[in-house]
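Worksheet for the structure shown next.
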Amino acid sequence: MERTEILEQKVRNLYLDKNAGRAEWADWLYENHVFTVANYAVNLSKRLDVDPDLPRASAMLHDIADAVLGRFDDNHAEKSAEIARSFLIESGYDEDEIGTIVDDALRYHSCREENLPKTIEGKILATADALAHLKTDFYLYYFVNRGLDERSFDEAKELVVRKINKDYHTKIQFDEIKHETIDDYNALIKVFTA
């Protein structure tokens, strides 16, 4: 079995364990998001003439702590890094590859506070995650299950619009991809600002 297949099985098993402390949306992420991001990462890698192995591995691991604890747990980032390192070592990745995945791609894929990925693999992951948000029903799920949680309807719409803007304007790291995604972006903005 190839190391990426070993890693994929570890990720699948962790989500399928259905840990009692997992994020509320972990099951949805597993079924609708994690491997969608991985597919976008592979496709982007091929377009950019980058070996898809590390971007795909990064994508499979990018929300991994959600399988065992809540998204807003104080230890979420540390737990993600811990699980990712362990799975990558057990799957046969070397220290340099693990550094690229954990210390750049996973750490910066959310593009918070101008902390952007520096490696091509990290840029691919951030872009793939944004595409998986912008080109699927992600925002509908997010609006209903995250936005309306303790927010009014209009506040939830504003939350979603901020996330859409961040995904399009900050997370997509390649101008050509941004250009290709403008219609998806505009359609979502129209829906959530109506």
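Residue numbering restarts at 1 for every chain of the structure tokens, chains are lettered A, B, ... in their displayed order, and ligands are numbered from 1 as they appear.
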I need the helix (DSSP H, G or I) residues of stretch 4-59 of chain A per DSSP on the backbone, written as an MDAnalysis selection string. chainID A and resid 4:16 26:32 34:47 53:59
So that I can check the surroundings of A:Leu116, please list as a ChimeraX atom specification every protein, DNA and RNA residue that reaches within 10 Å of it, counting only C-alpha atoms and ignoring chain neighbours fewer than 2 positions away. /A:104-105,107-114,118-119,122-123,126,170-171,173
Choose the residue, out of A:His62, A:Lys157, A:Lys166, A:His33, that has the smallest atom-to-atom separation from A:Arg85; count only C-alpha atoms.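 With only C-alpha atoms as the atom set, the closest residue is A:His62.
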Name the closest residue to A:Ala26 among the candidates A:His133, A:Lys10, A:Lys46, A:Arg71; distances are taken between atoms, counting only C-alpha atoms.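 Of A:His133, A:Lys10, A:Lys46, A:Arg71, the one nearest A:Ala26 is A:Arg71, counting only C-alpha atoms.
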Would you mind listing what lies within 10 Å of A:Asp63 as a PyMOL selection string, with only C-alpha atoms counted and same-chain residues fewer than 5 positions away left out? chain A and resi 26+29-30+33-34+58+71+76-77+80+84+106
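With only C-alpha atoms as the basis for measurement, A:Leu140 is the residue among A:Val11, A:Ala187, A:Val102, A:Leu140 that approaches A:Ala156 most closely.
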So which residues touch A:Thr181 within 9 Å, counting only C-alpha atoms, skipping near sequence neighbours fewer than 5 positions away, as a PyMOL selection string? chain A and resi 131+134-135+168+176+186
Keeping C-alpha atoms for every residue in the selection just given, could you write it to a file as a CSV table (one decimal), in the first residue's frame?
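Final output, out.csv:
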```
chain,number,residue,atom,x,y,z
A,131,LEU,CA,-12.6,26.2,-3.6
A,134,LEU,CA,-16.9,28.3,-2.8
A,135,LYS,CA,-17.9,25.5,-5.2
A,168,TYR,CA,-12.1,34.4,-2.2
A,176,GLU,CA,-5.8,32.4,-12.5
A,186,ASN,CA,-20.5,36.7,-7.0
```
Using only C-alpha atoms, the best pick from A:Thr4, A:Thr193, A:Thr136, A:Ser152 as closest to A:Leu54 would be A:Thr4
